[in-house]
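What follows is a set of notes on a single structure, which appears directly below.
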Amino acid sequence: MNLRRVWVQCTKELVEFRRDGLTVALAFALPVAMLLIFGFAIRLQIKNIPVAVVDFDRSAFSRDFISRIDASQELVAIVEPLDRSPTALLDSGGVRAAVVIPPGTQRALAAGRAAPIQSLVDATDVVNALTIKQILTATISFVGATYAPASAPPTVALHERIWFNPGDNEALFIVPGVYAVILAIFPTLLAAIVMVRDKERGTIVAAYASRLRASELIAGKCLALVGIGLAEALAIMVIGFAVWGVRFAGDPTPLLIGTPLMICCQVLLGLLVGAATNTVTSAIQAAGSINSLVSFLLSGFLYPVSTMPPVFRWFSYFVPARHYINVSRDAFVRGAGWPGVWSELLTLASIASMLALGAWLRMRRMQMAD
Amino acid sequence: MIQAPPAAIEASTIDVHVRGLTKHYKDVEALRGIDFDVRRGEIFGLIGPDGAGKTTTFNVLAGILEPTAGEIALLGERPREARANVGYLTQQFSLFDDLSIDENLRYIAGLRDVTADAFAERKARYLALMDLAGIGDRLAGRLSGGMKQKLALCCALISEPRVLLLDEPTVGVDPLSRREFWSVLARLASNEVTIVVATPYLDEAERCHRVALIYDGTIRSLGTPAELEAQLNCRRLEIRAGDIAAAERTLEGVREGIVDVQSFGDRVDVLVHDAPEGERVVRAALGAGGVAVTSIEADTPTLENVFVARLRELGYGVPYIPFPATRRTRTNDGALAIDGRGLTKLFGPFHAVDNVTLQVGYGEIYGLLGANGAGKTTIIKMLCGLLAPTSGTIALAGRTSDLRAASIRQRIGYMSQKFTLYDDLPIIENLRFYAGIYGLEASERDARIGWVLDISGLRGRERLLTARLPGGWKQRVAFGAAVMHDPEILFLDEPTSGVDPLARRQFWRLIDERARAGTAIVVTTHYLEEAEHCHRLCFMAGGSMVTEGTPTAIKAAQPGRLFEITTDAPERAAAALVDLFPAWRVALFGVRLHLIAIDDGDLDRATGALRAAGVDVTETRPLPFSLEDAFIGTIERRPAA
Amino acid sequence: MIGGFSWRRLLVLLRKEFVQILGNRQVLYILLFPPIVQVTILGYALNPLIKHLTFAVVDESKSPASRDLIEAFSANGVFVPQGADGDAAGVYRAVQSGAVDAGLVIPADYAAEITRGAPGDVQLIFDGVNSYVANLGAGYASAIVQQYNARGEPPQPLSPEITFAYDPGLLTAWFFVPGLLGSVLMMTGLLASASASVREKDEGTLEQLLMTPASSLEVLLAKIGPLFVLFTIAMWASLLLSRLIFGLPFRGNPSLFIGISSIYIVAAISIGILISTFVATQQQVVLISMFTALPLMMLSGAFAPVESMPPFWQAFSLINPLRHYITIARDILLKGAGLDVIWPNVLALVAFAFVAIWIGATRYRSQLR
């Protein structure tokens with residue numbers, strides 16, 4: 001590989017990129033805007049879910065129960081008139097659960113008679129449903145205990161602590177993940193377009209007709225796009241720090257090495273897609289829609305990878321964002337450094353080399369197809 | 001130079017060696033075994049109709065396409081290994097529109113390992129040579145077509161390759177720039193650069209040392225232009241008459257004693273075996289047809305005569321089939337189809353068009369001529385409503401407001417410079433689409449689509465994907481698509497660029513016929529001989545109209561006289577005369593020199609200079625001004641802005 | 001510029017668009033199959049319920065009571081114990097390095113405390129790097145301990161009877177499929193239409209098209225046509241596969257759902273065309289499309305409930321067609337709701353599609369610069 005030719009290819013890409021002012025602006029404004037939107041808007045923790053309470057009892061117990069539900073962060077009690085059936089309440093879509101407190105519940109409690117409280121939970125959102133169930137059960141047994149005859153004290157007192165994110169600041173969970181998602185999406189898109197555009201316009205013939213090798217072409221384009229990607233990474237990380245105070249929790253070196261590796265993977269993926277497709281439309285679908293959905297959903301950004309069926313857990317090993325997300329969360333939240341993430345960096349490096357090989361195989365002839 | 005191909009040919013001086021070159025695509029045999037050699041420092045021309053296999057040959061030579069079979073060596077190496085020493089100018093611009101002139105050059109230079117010092121020196125030299133110096137930071141995308149071609153040539157030259165492959169480098173380039181371009185090529189060849197060039201302009205091909213005529217994937221004739229012309233074994237009668245079209249029609253009806261009839265702008269060329277006998281036949285025929293003859297002169301045939309005659313012999317015809325019109329012919333009642341007054345268009349501070357007034361009546365062919373970037377396309381876009389003028393008024397078919405209304409668009413046909421067919425549609429679907437969108441009735445539609453297929457010779461191949469058509473054929477289909485709905489007003493922006501000479505004639509017969517049927521036509525072209533077909537035309541420069549009038553009036557208004565000088569060493573002769581006169585007054589046409597003599601003594605001074613330079617003058621004769629001479633003269637005499 | 005609409009011209013334009021898209025196999029496949037595969041595969045793969053949380057245990061008590069507690073923790077498969085070596089410090093280290101998700105420390109005096117009648121203190125530490133997992137895990141742990149404490153007691157008089165409506169089997173795929181369907185249609189539809197429209201501008205054919213008598217509305221509708229058919233097929237196939245694989249219910253009126261889905265697909269495609277009228281190059285259109293599609297997806301309730309978002313973003317999501325579509329899809333498919341319930345969402349979708357086409361058509365002609 002001739003490094004001078006790599007550099008020539010790289011500077012050409014950078015100059016071309018810089019020329020399109022709108023694209024430059026978009027390449028930086030969009031990741032930052034996305035970071036801000038996701039950082040502020042995505043909340044996986046359940047909050048303020050409306051729960052209807054149909055209170056036939058109208059007793060101290062039922063009032064206590066309602067205020068207890070309101071006191072929880074997760075649920076909000078909405079007292080409904082007595083003539084509404086739980087099913088109708090759920091069907092109309094306004095509430096996620098309906099609790100019916102039958103008449104005479106408090107008296108039954110005091111007398112030690114069984115007092116069933118019926119709840120209907122909307123299970124269309126399964127996580128929601130399970131959380132509602134947990135909170136309802138806990139609330140009922142807590143409030144119930146104060147009105148029922150005394151029972152034995154508990155055997156176990158559980159002291160739970162959540163480390164690394166003591167304030168339970170969800171931004172600290174979301175933002176480092178968004179870094180991974182953004183770096184998975186934008187560099188790939190740019191790379192795919194850069195590659196396929198030269199082919200579609202026929203300008204690639206200039207390279208074919210020279211002695212530029214496929215490896216030099218790919219390395220040059222890759223270098224330029226990784227540079228742009230790094231600038232994007234810097235921009236979003238600075239904003240992340242300024243807005244949410246997301247800062248290094250420990251040794252920053254794994255991130256400093258991992259970020260270029262990650263961008264390299266995504267750029268090479270984009271170049272491969274660009275080399276394999278024949279129109280910009282196909283390239284965009286492959287590098288845009290498929291890549292971003294996979295990076296979003298199979299990276300562990302939202303839901304842990306460990307809960308997926310084994311086939312997908314295996315597949316997710318090939319998703320660079322899955323590895324980078326661990327590097328990023330470690331660097332900004334946990335701070336364990338090398339011992340925790342060295343394997344992720346190694347995997348990223350292997351993915352990058354596989355993609356580079358793929359792109360090279362695709363382009364190696366540097367000739368027109370028939 | 002023309003006569004200069006090295007006398008002693010040694011094997012080592014063969015720079016391009018091609019034997020049995022065959023290329024089969026999936027369903028097409030593009031090349032069926034081609035053999036030729038190109039010597040060092042030779043300009044080797046490839047001519048042939050559209051789709052003959054020229055571009056495929058270039059792609060193989062450049063090492064970017066694998067041949068099916070054949071032995072190919074450039075500079076003694078396989079094409080892929082030779083790439084470092086080969087420059088390739090592709091038919092499609094291979095420039096990066098978002099890069100400036102400098103950046104385009106730097107990129108290509110970098111790819112080809114040009115050192116920084118050499119790059120700086122060559123860049124300055126070639127940009128100066130191509131008149132591009134001083135605008136190095138202009139974006140390639142903003143350059144006019146001709147400037148782009150020059151830049152592309154600079155890019156191909158920047159590595160100082162020993163072999164230069166040029167695939168139709170001058171298509172879309174104005175006549176002035178084309179002349180300059182070819183003098184650059186001649187200079188390069190004299191510096192031992194080997195050049196293979198394809199061109200649809202046969203007057204250019206005359207300047208090649210040797211020419212190969214390719215047709216249907218094989219070489220049909222190969223030799224120096226003079227040899228090919230001699231092989232034809234004919235004399236050419238140059239006939240000037242009052243009504244060229246009538247003369248051509250009349251002579252085509254004559255079977256006996258005439259080999260071929262071809263019209264060239266203001267004259268008809270007739271090929272005959274024997275000049276005196278031929279002249280007699282011609283005079284008799286024209287006399288019988290009632291066509292007044294101005295003059296008849298006998299001469300050797302040109303390469304274009306060879307091209308047309310050879311191809312006709314081989315059965316390649318571009319038939320003229322009248323348009324299956326259903327509309328009643330509109331009589332020219334004096335109404336204006338197009339009335340643009342005081343048109344001005346500013347792009348930022350730049351005056352793309354500056355106060356142009358232009359009126360076209362029904363049945364009139366109006367030609368817009370000018371160098372690349374003179375504002376022709378901008379005027380057309382304003383006239384047809386695609387671009388709002390900065391100031392000025394436009395009336396189209398009598399309407400002054402809402403030029404974008406569907407009812408107006410229905411009456412307009414527009415063929416833009418870019419190919420306007422959908423590449424990813426089969427030909428037939430493109431035609432069905434344009435027929436449908438203009439609401440042609442079913443019966444009418446089939447007749448018109450059939451007509452387009454016939455004139456473009458694509459009957460039976462209508463399911464072919466448009467993208468796979470060679471440029472010239474696409475142009476024919478695009479032309480057909482633009483006129484299919486029989487518009488009253490027709491805008492044609494360089495309809496014939498990149499089209500082979502036979503197809504170009506057919507285009508113009510069709511244009512003439514549409515005009516006779518009452519269509520108002522605005523057309524731009526870089527072939528000035530074609531512009532003779534225009535009823536009126538204007539020369540544009542820098543966004544303004546310089547001259548307007550009928551071709552005859554414009555030619556008559558030229559100062560001075562035109563002389564054709566035949567010598568034994570045309571290149572040397574041209575060099576000698578350029579020292580004496582401004583460059584625009586001296587032009588090389590094939591092996592002949594044209595000199596514009598303003599003062600009476602000019603001719604004598606010229607012959608004296610030639611004698612002093614050791615050039616032997618074989619013949620000197622006065623010629624009527626051609627439109628090309630008029631054009632170049634007019635543009636050059638214009639005071640510098 | 002909507003005057004002079006002609007059905008015949010529309011048909012001609014439609015035919016052209018169909019031939020173009022059917023002629024390019026690569027585009028056809030890439031538009032048709034990924035959406036179907038994505039909906040079904042991701043519907044299968046995504047699982048928000050926590051399973052297999054690894055936790056390191058240090059049992060310094062080493063008593064039957066402590067083993068009993070560990071047993072209770074591991075019983076339902078949420079927590080998977082990983083035998084930890086040594087002491088509490090070892091557990092802390094394991095959590096700290098991210099090797100395990102949680103650590104349970106049972107102190108040496110645990111058994112003694114219980115025998116004394118006092119509650120035995122145990123410590124459970126979560127790796128909060130993934131706060132979603134940590135929070136859900138903590139909730140599970142509390143429930144496990146609560147159950148553990150209640151074992152052997154007589155049943156409490158106050159018994160919650162909780163019934164899960166609509167998805168009694170708690171199949172997460174039922175939750176994800178409507179969201180994924182909407183998201184994939186939005187993403188693919190928007191990108192495909194945007195890039196196809198810009199392409200015509202790029203290649204100069206738009207100029208020619210604008211010279212024909214075709215009105216912008218005709219051109220626009222024709223652009224929507226083939227993509228509409230393609231994505232409708234993709235939608236049908238995805239639903240069918242989801243029904244076969246996950247037993248996705250179809251409780252409401254199918255024709256109502258298909259009808260509304262069509263409106264939604266038109267809306268997604270129109271947004272893409274609208275975007276294309278604002279930009280000049282493929283690069284720009286892709287960047288903007290991605291930037292539009294991803295937030296629409298994330299802020300739609302497809303993956304995280306809208307109710308949990310900050311109030312501003314909840315209000316913002318009202319102009320998100322995907323949010324309305326997902327609400328409708330879940331209501332019709334899972335709940336069996338009818339127009340009487342979902343009409344506000346349907347109205348929003350219709351308004352959205354209409355506005356997008358209208359602005360698109362007015363902008364379409366004025367974009368030649």
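By order in the structure tokens, chains are A, B, ...; within a chain, residues start at 1; ligands start at 1, following the order shown.
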Practice item. For Ser350 (chain A), list every protein, DNA or RNA residue within 10 Å, evaluated using only C-alpha atoms, and leave out those in the same chain fewer than 6 positions away; present the list as a PyMOL selection string. Key: chain A and resi 261+265+318+344+356
Could you save those same residues with C-alpha atoms as a PDB file, in the first residue's frame?
ATOM      1  CA  LEU A 261     -12.145   1.446  16.343  1.00  0.00           C
ATOM      2  CA  CYS A 265     -16.063  -0.582  11.932  1.00  0.00           C
ATOM      3  CA  PHE A 318     -21.224  -8.872  15.156  1.00  0.00           C
ATOM      4  CA  GLU A 344     -14.735  -5.593  23.627  1.00  0.00           C
ATOM      5  CA  ALA A 356     -12.111  -4.281   5.630  1.00  0.00           C
TER       6      ALA A 356
END
**Study point:** Contacts of Glu279 (chain B) within 12 Å, only C-alpha atoms, excl. fewer than 4 positions in-chain, as a list in words
**Key:** Arg235, Arg236, Leu237, Glu238, Ile239, Leu251, Gly257, Ile258, Asp269, Val270, Leu271, Val272, His273, Asp274, Ala275, Arg283, Ala284, Ala285, Leu286, Gly287, Val293, Ser295, Ile296, Glu297, Ala298 and Asp299 of chain B
Create the file for the chosen residues now, containing N, CA and C atoms and written as a compact mmCIF listing (two decimals), in the first residue's frame.
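Result file is result.txt:
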# COMPACT_ATOMS: atom_id res chain seq x y z
N ARG B 235 -14.69 11.09 -57.22
CA ARG B 235 -14.46 12.52 -57.16
C ARG B 235 -15.66 13.13 -56.46
N ARG B 236 -15.41 14.24 -55.83
CA ARG B 236 -16.50 14.90 -55.12
C ARG B 236 -16.85 16.17 -55.87
N LEU B 237 -18.13 16.33 -56.15
CA LEU B 237 -18.59 17.59 -56.75
C LEU B 237 -19.25 18.41 -55.66
N GLU B 238 -18.74 19.62 -55.49
CA GLU B 238 -19.28 20.50 -54.48
C GLU B 238 -20.28 21.41 -55.17
N ILE B 239 -21.52 21.24 -54.88
CA ILE B 239 -22.55 21.98 -55.61
C ILE B 239 -23.17 23.03 -54.72
N LEU B 251 -31.32 15.32 -56.63
CA LEU B 251 -30.18 14.49 -57.00
C LEU B 251 -30.31 13.08 -56.45
N GLY B 257 -24.96 7.30 -62.70
CA GLY B 257 -23.82 8.22 -62.74
C GLY B 257 -23.50 8.89 -61.43
N ILE B 258 -24.31 8.70 -60.41
CA ILE B 258 -24.04 9.34 -59.11
C ILE B 258 -23.89 8.25 -58.06
N ASP B 269 -22.82 17.72 -51.58
CA ASP B 269 -21.69 16.97 -52.11
C ASP B 269 -22.22 15.77 -52.88
N VAL B 270 -21.72 15.62 -54.09
CA VAL B 270 -22.13 14.47 -54.88
C VAL B 270 -20.88 13.68 -55.23
N LEU B 271 -20.89 12.41 -54.93
CA LEU B 271 -19.75 11.57 -55.28
C LEU B 271 -20.00 10.94 -56.64
N VAL B 272 -19.01 11.09 -57.52
CA VAL B 272 -19.14 10.53 -58.86
C VAL B 272 -17.82 9.85 -59.23
N HIS B 273 -17.88 8.94 -60.18
CA HIS B 273 -16.65 8.26 -60.58
C HIS B 273 -15.82 9.13 -61.48
N ASP B 274 -16.49 9.94 -62.25
CA ASP B 274 -15.77 10.76 -63.22
C ASP B 274 -16.33 12.18 -63.13
N ALA B 275 -15.43 13.16 -62.92
CA ALA B 275 -15.90 14.50 -62.61
C ALA B 275 -16.68 15.17 -63.75
N ARG B 283 -25.94 18.74 -63.63
CA ARG B 283 -26.56 19.93 -64.22
C ARG B 283 -27.87 19.57 -64.91
N ALA B 284 -27.85 18.43 -65.59
CA ALA B 284 -29.06 18.01 -66.29
C ALA B 284 -30.19 17.76 -65.31
N ALA B 285 -29.86 17.05 -64.25
CA ALA B 285 -30.89 16.69 -63.27
C ALA B 285 -31.45 17.94 -62.60
N LEU B 286 -30.55 18.84 -62.19
CA LEU B 286 -31.00 20.03 -61.48
C LEU B 286 -31.78 20.95 -62.41
N GLY B 287 -31.32 20.99 -63.66
CA GLY B 287 -32.03 21.80 -64.62
C GLY B 287 -33.45 21.29 -64.80
N VAL B 293 -28.40 26.47 -60.21
CA VAL B 293 -27.08 26.09 -59.72
C VAL B 293 -26.21 27.34 -59.64
N SER B 295 -22.76 27.16 -58.34
CA SER B 295 -21.44 26.74 -58.79
C SER B 295 -21.29 25.24 -58.59
N ILE B 296 -20.42 24.63 -59.38
CA ILE B 296 -20.06 23.23 -59.18
C ILE B 296 -18.56 23.13 -59.25
N GLU B 297 -17.94 22.58 -58.21
CA GLU B 297 -16.49 22.41 -58.24
C GLU B 297 -16.13 20.98 -57.93
N ALA B 298 -15.13 20.47 -58.67
CA ALA B 298 -14.70 19.09 -58.42
C ALA B 298 -13.54 19.08 -57.45
N ASP B 299 -13.50 18.06 -56.57
CA ASP B 299 -12.45 17.99 -55.56
C ASP B 299 -12.32 16.54 -55.11
Exercise for review: May I have all residues of region 50-297 of chain C that DSSP, computed from the backbone, assigns to alpha helix (DSSP H), given as a ChimeraX atom specification?
Suggested key: /C:64-74,88-96,110-115,131-150,172-202,205-211,216-246,254-276,282-297
Practice item. Hey, list the chain B side of the contact with chain A: 7 Å cut-off, only C-alpha atoms, answer as a PyMOL selection string. Key: chain B and resi 25+62-65+83-84+88+94-96+98-99+107+110-112
**Study point:** Within 10 Å of Phe5 (chain C) using only C-alpha atoms, minus same-chain residues under 3 positions, as a PyMOL selection string
**Key:** (chain B and resi 406) or (chain C and resi 1-2+8-10+213-218)
Saved selection, atoms kept: N, CA and C atoms, as a PDB file, in the first residue's frame:
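Just written: again08.pdb:
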ATOM      1  N   ALA B 406     -50.610  23.971 -17.549  1.00  0.00           N
ATOM      2  CA  ALA B 406     -50.569  22.681 -18.231  1.00  0.00           C
ATOM      3  C   ALA B 406     -50.911  22.831 -19.707  1.00  0.00           C
TER       4      ALA B 406
ATOM      5  N   MET C   1     -50.874  24.574  -6.887  1.00  0.00           N
ATOM      6  CA  MET C   1     -50.894  24.144  -8.298  1.00  0.00           C
ATOM      7  C   MET C   1     -51.570  22.801  -8.422  1.00  0.00           C
ATOM      8  N   ILE C   2     -52.834  22.745  -8.185  1.00  0.00           N
ATOM      9  CA  ILE C   2     -53.458  21.435  -8.154  1.00  0.00           C
ATOM     10  C   ILE C   2     -54.481  21.317  -9.278  1.00  0.00           C
ATOM     11  N   ARG C   8     -55.952   9.894 -16.399  1.00  0.00           N
ATOM     12  CA  ARG C   8     -55.195   9.185 -17.425  1.00  0.00           C
ATOM     13  C   ARG C   8     -53.707   9.417 -17.279  1.00  0.00           C
ATOM     14  N   ARG C   9     -53.366  10.692 -17.030  1.00  0.00           N
ATOM     15  CA  ARG C   9     -51.949  11.000 -16.842  1.00  0.00           C
ATOM     16  C   ARG C   9     -51.413  10.315 -15.601  1.00  0.00           C
ATOM     17  N   LEU C  10     -52.248  10.276 -14.558  1.00  0.00           N
ATOM     18  CA  LEU C  10     -51.816   9.617 -13.332  1.00  0.00           C
ATOM     19  C   LEU C  10     -51.475   8.155 -13.611  1.00  0.00           C
ATOM     20  N   PRO C 213     -47.249  18.277 -19.281  1.00  0.00           N
ATOM     21  CA  PRO C 213     -48.455  18.856 -18.680  1.00  0.00           C
ATOM     22  C   PRO C 213     -48.820  18.234 -17.323  1.00  0.00           C
ATOM     23  N   ALA C 214     -48.073  17.255 -16.869  1.00  0.00           N
ATOM     24  CA  ALA C 214     -48.434  16.587 -15.617  1.00  0.00           C
ATOM     25  C   ALA C 214     -48.441  17.593 -14.465  1.00  0.00           C
ATOM     26  N   SER C 215     -49.455  17.499 -13.626  1.00  0.00           N
ATOM     27  CA  SER C 215     -49.504  18.400 -12.470  1.00  0.00           C
ATOM     28  C   SER C 215     -48.703  17.795 -11.334  1.00  0.00           C
ATOM     29  N   SER C 216     -48.304  18.661 -10.414  1.00  0.00           N
ATOM     30  CA  SER C 216     -47.448  18.160  -9.337  1.00  0.00           C
ATOM     31  C   SER C 216     -48.169  17.122  -8.491  1.00  0.00           C
ATOM     32  N   LEU C 217     -49.475  17.276  -8.357  1.00  0.00           N
ATOM     33  CA  LEU C 217     -50.206  16.297  -7.550  1.00  0.00           C
ATOM     34  C   LEU C 217     -50.160  14.925  -8.215  1.00  0.00           C
ATOM     35  N   GLU C 218     -50.306  14.914  -9.541  1.00  0.00           N
ATOM     36  CA  GLU C 218     -50.229  13.635 -10.262  1.00  0.00           C
ATOM     37  C   GLU C 218     -48.862  12.995 -10.076  1.00  0.00           C
TER      38      GLU C 218
END
Review point. From the set B:Phe350, B:Phe563, B:Tyr215, B:Phe181, which residue has the shortest atom-to-atom contact distance to Met147 (chain B), counting only C-alpha atoms?
Key: B:Phe181
Exercise for review: Quick one: everything within 9 Å of Ile263 (chain C), counting only C-alpha atoms, minus sequence neighbours fewer than 3 positions away in the same chain. Send it as a ChimeraX atom specification.
Suggested key: /C:258-260,266-268,346,349-350,353
